[in-house]
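For reference, entry37.cif is printed below; it contains mmCIF, C-alpha atoms.
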```
data_final
loop_
_atom_site.label_atom_id
_atom_site.label_comp_id
_atom_site.auth_asym_id
_atom_site.auth_seq_id
_atom_site.Cartn_x
_atom_site.Cartn_y
_atom_site.Cartn_z
CA TYR A 1 0.00 0.00 0.00
CA PHE A 2 1.32 3.43 -0.96
CA GLU A 3 -0.13 6.48 0.81
CA GLU A 4 0.35 9.86 -0.82
CA TRP A 5 -1.62 11.94 1.67
CA ASP A 6 -3.21 11.37 5.06
CA ASN A 7 -6.33 13.51 5.39
CA PRO A 8 -8.18 12.89 3.20
CA THR A 9 -6.27 9.70 2.52
CA PHE A 10 -5.00 9.25 -1.04
CA SER A 11 -3.32 6.22 -2.55
CA GLY A 12 -0.45 6.55 -5.03
CA ILE A 13 -0.59 8.16 -8.42
CA ARG A 14 -0.08 6.14 -11.61
CA TRP A 15 3.72 6.38 -11.97
CA VAL A 16 4.18 5.39 -8.33
CA SER A 17 1.92 2.38 -8.85
CA GLU A 18 3.93 1.42 -11.95
CA LEU A 19 7.24 1.78 -10.07
CA ILE A 20 5.92 -0.46 -7.29
CA GLU A 21 5.14 -3.12 -9.89
CA ILE A 22 8.58 -2.74 -11.53
CA ALA A 23 10.20 -3.08 -8.08
CA GLY A 24 8.45 -6.44 -7.60
CA GLY A 25 5.46 -5.38 -5.55
CA LYS A 26 1.73 -5.16 -6.17
CA ASP A 27 -0.09 -1.89 -5.61
CA ILE A 28 -3.31 -2.81 -3.80
CA PHE A 29 -5.01 0.28 -5.25
CA SER A 30 -3.59 0.14 -8.78
CA GLU A 31 -7.08 0.60 -10.25
CA LYS A 32 -7.36 3.97 -8.49
CA SER A 33 -3.91 5.14 -9.63
CA HIS A 34 -5.27 6.05 -13.07
CA GLY A 35 -7.50 8.79 -11.68
CA LYS A 36 -6.75 12.21 -13.14
CA ASN A 37 -7.49 14.02 -9.89
CA ALA A 38 -6.37 13.25 -6.36
CA ILE A 39 -9.99 12.81 -5.29
CA ASP A 40 -10.17 9.84 -7.68
CA ARG A 41 -7.53 8.15 -5.49
CA GLU A 42 -9.22 8.81 -2.16
CA ILE A 43 -9.51 5.71 -0.01
CA GLU A 44 -11.16 4.77 3.26
CA TRP A 45 -9.02 3.34 6.05
CA SER A 46 -11.31 0.31 6.20
CA GLU A 47 -10.37 -0.52 2.58
CA VAL A 48 -6.71 -0.78 3.59
CA VAL A 49 -7.60 -3.03 6.54
CA GLU A 50 -9.64 -5.23 4.20
CA LYS A 51 -6.80 -5.53 1.66
CA ASP A 52 -4.24 -6.24 4.45
CA PRO A 53 -1.02 -5.04 2.77
CA GLU A 54 2.33 -6.63 3.63
CA ILE A 55 4.11 -3.27 3.34
CA ILE A 56 2.97 0.31 3.86
CA LEU A 57 4.93 2.98 2.01
CA ALA A 58 4.10 6.62 2.58
CA SER A 59 5.19 9.93 1.13
CA TRP A 60 3.19 13.01 2.02
CA CYS A 61 4.10 15.84 -0.30
CA GLY A 62 5.18 18.86 1.73
CA LYS A 63 5.18 17.36 5.21
CA PRO A 64 6.81 14.49 7.07
CA VAL A 65 4.94 11.21 7.40
CA ASP A 66 3.66 10.54 10.91
CA ILE A 67 4.21 6.80 11.16
CA ASN A 68 2.77 6.61 14.68
CA SER A 69 -0.50 8.21 13.55
CA ILE A 70 -0.73 5.65 10.74
CA LYS A 71 -0.12 2.81 13.19
CA GLY A 72 -2.81 4.19 15.48
CA ARG A 73 -5.65 4.27 12.96
CA ALA A 74 -8.77 2.31 13.81
CA ASN A 75 -8.27 -1.42 13.22
CA TRP A 76 -4.90 -0.94 11.50
CA ASP A 77 -3.30 -3.11 14.16
CA LYS A 78 -4.83 -6.02 12.19
CA ILE A 79 -2.77 -5.21 9.06
CA ALA A 80 0.23 -7.46 8.36
CA ALA A 81 2.47 -4.46 7.59
CA ILE A 82 1.76 -2.97 11.02
CA LYS A 83 2.16 -6.30 12.83
CA ASN A 84 5.53 -6.88 11.11
CA ASN A 85 6.73 -3.26 11.39
CA ARG A 86 6.96 -2.86 7.61
CA ILE A 87 5.90 0.74 7.36
CA HIS A 88 8.27 3.19 5.70
CA GLU A 89 8.47 6.82 4.68
CA ILE A 90 9.90 7.64 1.26
CA ASP A 91 11.23 11.13 0.58
CA SER A 92 8.69 12.86 -1.68
CA SER A 93 11.46 14.41 -3.81
CA ILE A 94 12.43 10.97 -5.14
CA ILE A 95 8.99 9.43 -5.61
CA LEU A 96 6.20 11.99 -6.07
CA GLN A 97 7.64 13.79 -9.09
CA PRO A 98 7.76 11.96 -12.42
CA GLY A 99 11.23 12.07 -13.89
CA PRO A 100 14.83 10.99 -13.36
CA ALA A 101 14.78 10.91 -9.54
CA SER A 102 11.76 8.62 -9.35
CA LEU A 103 13.22 6.33 -12.02
CA THR A 104 16.58 6.03 -10.26
CA GLU A 105 16.62 6.79 -6.52
CA GLY A 106 12.90 6.23 -6.05
CA LEU A 107 12.95 2.86 -7.77
CA GLU A 108 16.05 1.80 -5.80
CA VAL A 109 14.35 2.65 -2.51
CA LEU A 110 11.17 0.81 -3.52
CA GLU A 111 13.18 -2.27 -4.48
CA SER A 112 15.11 -2.23 -1.19
CA LEU A 113 11.88 -2.05 0.82
CA ILE A 114 9.86 -4.52 -1.24
CA ARG A 115 12.65 -7.06 -1.66
CA PRO A 116 15.11 -6.42 1.17
CA GLU A 117 17.16 -9.60 0.60
#
```
Go ahead and express the file in the form of structure tokens.
Amino acid sequence: YFEEWDNPTFSGIRWVSELIEIAGGKDIFSEKSHGKNAIDREIEWSEVVEKDPEIILASWCGKPVDINSIKGRANWDKIAAIKNNRIHEIDSSIILQPGPASLTEGLEVLESLIRPE
């Protein structure tokens, strides 16, 4: 699961979803990533609980990710990523802007978090 913003909660945009797939992961909200507007990618916290991601990646454009607030969301303690402490912030400058940084540094970080071996 990739979270681009916390309130309202938005899943990742298309190029982030594609990079997750290239890195060996599966974006649980890939169908939403094609939305032209952020509102098209809005998700409910219960949807994340239902999909039970193995990893949570977050990058909030313009502010630091509050990992403790994510962990404290209602029923999120049931999510595998929370149980296994696989929640990570990714610097927005290397993932939320399409271009060279997302294709190099961003992809490298995604690969290291998705396939740490």
Contacts of A:Ser93 at 10 Å (all atoms listed in the file; same-chain gap of 6+ positions) as a ChimeraX atom specification:
/A:59,61-62,101-102,105-106
Do you know which residues are at most 12 Å from stretch 112-114 of chain A counting all atoms listed in the file, after dropping those on the same chain fewer than 2 positions away, and could you put them as a PyMOL selection string?
chain A and resi 1-2+19-27+53-58+81+85-90+105-110+116-117
So that I can see what lies close to A:Glu44, please list as number ranges by chain the residues with an atom at most 12 Å from it, counting all atoms listed in the file and leaving out residues fewer than 3 positions away in the same chain.
A: 3, 6-11, 29, 39, 41, 47-51, 73-74, 76
Write the residues of the selection above to a file with C-alpha atoms, as a PDB file, keeping the file's coordinate frame.
```pdb
ATOM      1  CA  GLU A   3      -0.130   6.480   0.810  1.00  0.00           C
ATOM      2  CA  ASP A   6      -3.210  11.370   5.060  1.00  0.00           C
ATOM      3  CA  ASN A   7      -6.330  13.510   5.390  1.00  0.00           C
ATOM      4  CA  PRO A   8      -8.180  12.890   3.200  1.00  0.00           C
ATOM      5  CA  THR A   9      -6.270   9.700   2.520  1.00  0.00           C
ATOM      6  CA  PHE A  10      -5.000   9.250  -1.040  1.00  0.00           C
ATOM      7  CA  SER A  11      -3.320   6.220  -2.550  1.00  0.00           C
ATOM      8  CA  PHE A  29      -5.010   0.280  -5.250  1.00  0.00           C
ATOM      9  CA  ILE A  39      -9.990  12.810  -5.290  1.00  0.00           C
ATOM     10  CA  ARG A  41      -7.530   8.150  -5.490  1.00  0.00           C
ATOM     11  CA  GLU A  47     -10.370  -0.520   2.580  1.00  0.00           C
ATOM     12  CA  VAL A  48      -6.710  -0.780   3.590  1.00  0.00           C
ATOM     13  CA  VAL A  49      -7.600  -3.030   6.540  1.00  0.00           C
ATOM     14  CA  GLU A  50      -9.640  -5.230   4.200  1.00  0.00           C
ATOM     15  CA  LYS A  51      -6.800  -5.530   1.660  1.00  0.00           C
ATOM     16  CA  ARG A  73      -5.650   4.270  12.960  1.00  0.00           C
ATOM     17  CA  ALA A  74      -8.770   2.310  13.810  1.00  0.00           C
ATOM     18  CA  TRP A  76      -4.900  -0.940  11.500  1.00  0.00           C
TER      19      TRP A  76
END
```
With all atoms of stretch 66-84 of chain A from the file as input, state the centre and edge lengths in Å to one decimal of the axis-aligned box that has 8 Å extra on each side, as lines of an AutoDock Vina configuration file.
```
center_x = -1.6
center_y = 1.5
center_z = 11.5
size_x = 30.3
size_y = 34.0
size_z = 23.9
```
Could you state the separation of atom CA of A:Trp15 and atom CA of A:Asp66 in Å, given to one decimal place?
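Computing the Euclidean distance for atom CA of A:Trp15 and atom CA of A:Asp66 yields 23.3 Å.
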Please, what distance in Å, to one decimal, runs between atom CA of A:Leu103 and atom CA of A:Ile43?
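Interatomic distance here is 25.7 Å.
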Would you kindly translate the PyMOL selection byres ((chain A and resi 14) around 6) into the concrete residues it picks from this file, as a list in words?
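On the file shown, the PyMOL selection byres ((chain A and resi 14) around 6) covers Ile13, Trp15, Val16, Ser17, Ser33 and His34 of chain A.
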Atom pair atom CA of A:Ser30 / atom CA of A:Glu42: separation (Å)
12.3 Å
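Nearest to A:Pro64 of all the residues A:Trp45, A:Ile79, A:Asp91, A:Lys36 is A:Asp91, counting only C-alpha atoms.
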Mind rebuilding stretch 76-87 of chain A with all heavy atoms and writing that out as a compact mmCIF listing (two decimals), in the coordinates of the input?
```txt
# COMPACT_ATOMS: atom_id res chain seq x y z
N TRP A 76 -6.11 -0.73 12.29
CA TRP A 76 -4.90 -0.94 11.50
C TRP A 76 -3.94 -1.89 12.20
O TRP A 76 -3.01 -2.39 11.58
CB TRP A 76 -4.25 0.38 11.12
CG TRP A 76 -4.94 1.01 9.93
CD1 TRP A 76 -6.28 1.09 9.69
CD2 TRP A 76 -4.31 1.62 8.80
NE1 TRP A 76 -6.53 1.72 8.51
CE2 TRP A 76 -5.33 2.06 7.94
CE3 TRP A 76 -2.99 1.84 8.46
CZ2 TRP A 76 -5.06 2.70 6.74
CZ3 TRP A 76 -2.73 2.50 7.26
CH2 TRP A 76 -3.76 2.91 6.41
N ASP A 77 -4.15 -2.15 13.46
CA ASP A 77 -3.30 -3.11 14.16
C ASP A 77 -3.51 -4.53 13.62
O ASP A 77 -2.71 -5.42 13.88
CB ASP A 77 -3.54 -3.07 15.67
CG ASP A 77 -4.99 -3.36 16.06
OD1 ASP A 77 -5.91 -3.12 15.24
OD2 ASP A 77 -5.19 -3.81 17.19
N LYS A 78 -4.55 -4.73 12.81
CA LYS A 78 -4.83 -6.02 12.19
C LYS A 78 -4.04 -6.22 10.89
O LYS A 78 -3.99 -7.33 10.36
CB LYS A 78 -6.32 -6.15 11.89
CG LYS A 78 -7.20 -6.09 13.11
CD LYS A 78 -8.66 -6.08 12.73
CE LYS A 78 -9.52 -5.95 13.98
NZ LYS A 78 -10.94 -5.81 13.64
N ILE A 79 -3.46 -5.17 10.35
CA ILE A 79 -2.77 -5.21 9.06
C ILE A 79 -1.39 -5.86 9.22
O ILE A 79 -0.64 -5.52 10.13
CB ILE A 79 -2.63 -3.78 8.47
CG1 ILE A 79 -4.02 -3.19 8.19
CG2 ILE A 79 -1.78 -3.79 7.22
CD1 ILE A 79 -3.99 -1.73 7.77
N ALA A 80 -1.06 -6.76 8.32
CA ALA A 80 0.23 -7.46 8.36
C ALA A 80 1.41 -6.49 8.41
O ALA A 80 2.37 -6.71 9.15
CB ALA A 80 0.36 -8.40 7.17
N ALA A 81 1.37 -5.43 7.63
CA ALA A 81 2.47 -4.46 7.59
C ALA A 81 2.71 -3.82 8.96
O ALA A 81 3.85 -3.60 9.36
CB ALA A 81 2.19 -3.37 6.56
N ILE A 82 1.64 -3.55 9.68
CA ILE A 82 1.76 -2.97 11.02
C ILE A 82 2.29 -4.02 11.99
O ILE A 82 3.21 -3.75 12.77
CB ILE A 82 0.40 -2.41 11.51
CG1 ILE A 82 -0.14 -1.34 10.54
CG2 ILE A 82 0.50 -1.89 12.93
CD1 ILE A 82 0.61 -0.05 10.48
N LYS A 83 1.72 -5.22 11.93
CA LYS A 83 2.16 -6.30 12.83
C LYS A 83 3.65 -6.61 12.66
O LYS A 83 4.33 -6.91 13.62
CB LYS A 83 1.36 -7.58 12.55
CG LYS A 83 -0.07 -7.53 12.97
CD LYS A 83 -0.74 -8.85 12.59
CE LYS A 83 -2.22 -8.81 12.78
NZ LYS A 83 -2.85 -10.07 12.32
N ASN A 84 4.15 -6.53 11.42
CA ASN A 84 5.53 -6.88 11.11
C ASN A 84 6.46 -5.67 10.99
O ASN A 84 7.59 -5.80 10.53
CB ASN A 84 5.58 -7.71 9.83
CG ASN A 84 4.84 -9.02 9.99
OD1 ASN A 84 4.99 -9.71 11.00
ND2 ASN A 84 4.02 -9.36 9.02
N ASN A 85 5.95 -4.51 11.40
CA ASN A 85 6.73 -3.26 11.39
C ASN A 85 7.33 -2.97 10.01
O ASN A 85 8.50 -2.61 9.89
CB ASN A 85 7.81 -3.28 12.47
CG ASN A 85 8.26 -1.89 12.83
OD1 ASN A 85 7.48 -0.94 12.79
ND2 ASN A 85 9.53 -1.75 13.16
N ARG A 86 6.52 -3.14 8.98
CA ARG A 86 6.96 -2.86 7.61
C ARG A 86 6.24 -1.64 7.08
O ARG A 86 5.49 -1.68 6.12
CB ARG A 86 6.74 -4.08 6.71
CG ARG A 86 7.63 -5.25 7.13
CD ARG A 86 7.78 -6.28 6.09
NE ARG A 86 8.56 -5.76 4.95
CZ ARG A 86 8.58 -6.36 3.77
NH1 ARG A 86 7.90 -7.46 3.55
NH2 ARG A 86 9.31 -5.86 2.78
N ILE A 87 6.46 -0.53 7.76
CA ILE A 87 5.90 0.74 7.36
C ILE A 87 7.06 1.71 7.21
O ILE A 87 7.91 1.82 8.09
CB ILE A 87 4.83 1.22 8.38
CG1 ILE A 87 4.28 2.57 7.99
CG2 ILE A 87 5.35 1.20 9.78
CD1 ILE A 87 3.06 2.99 8.79
```
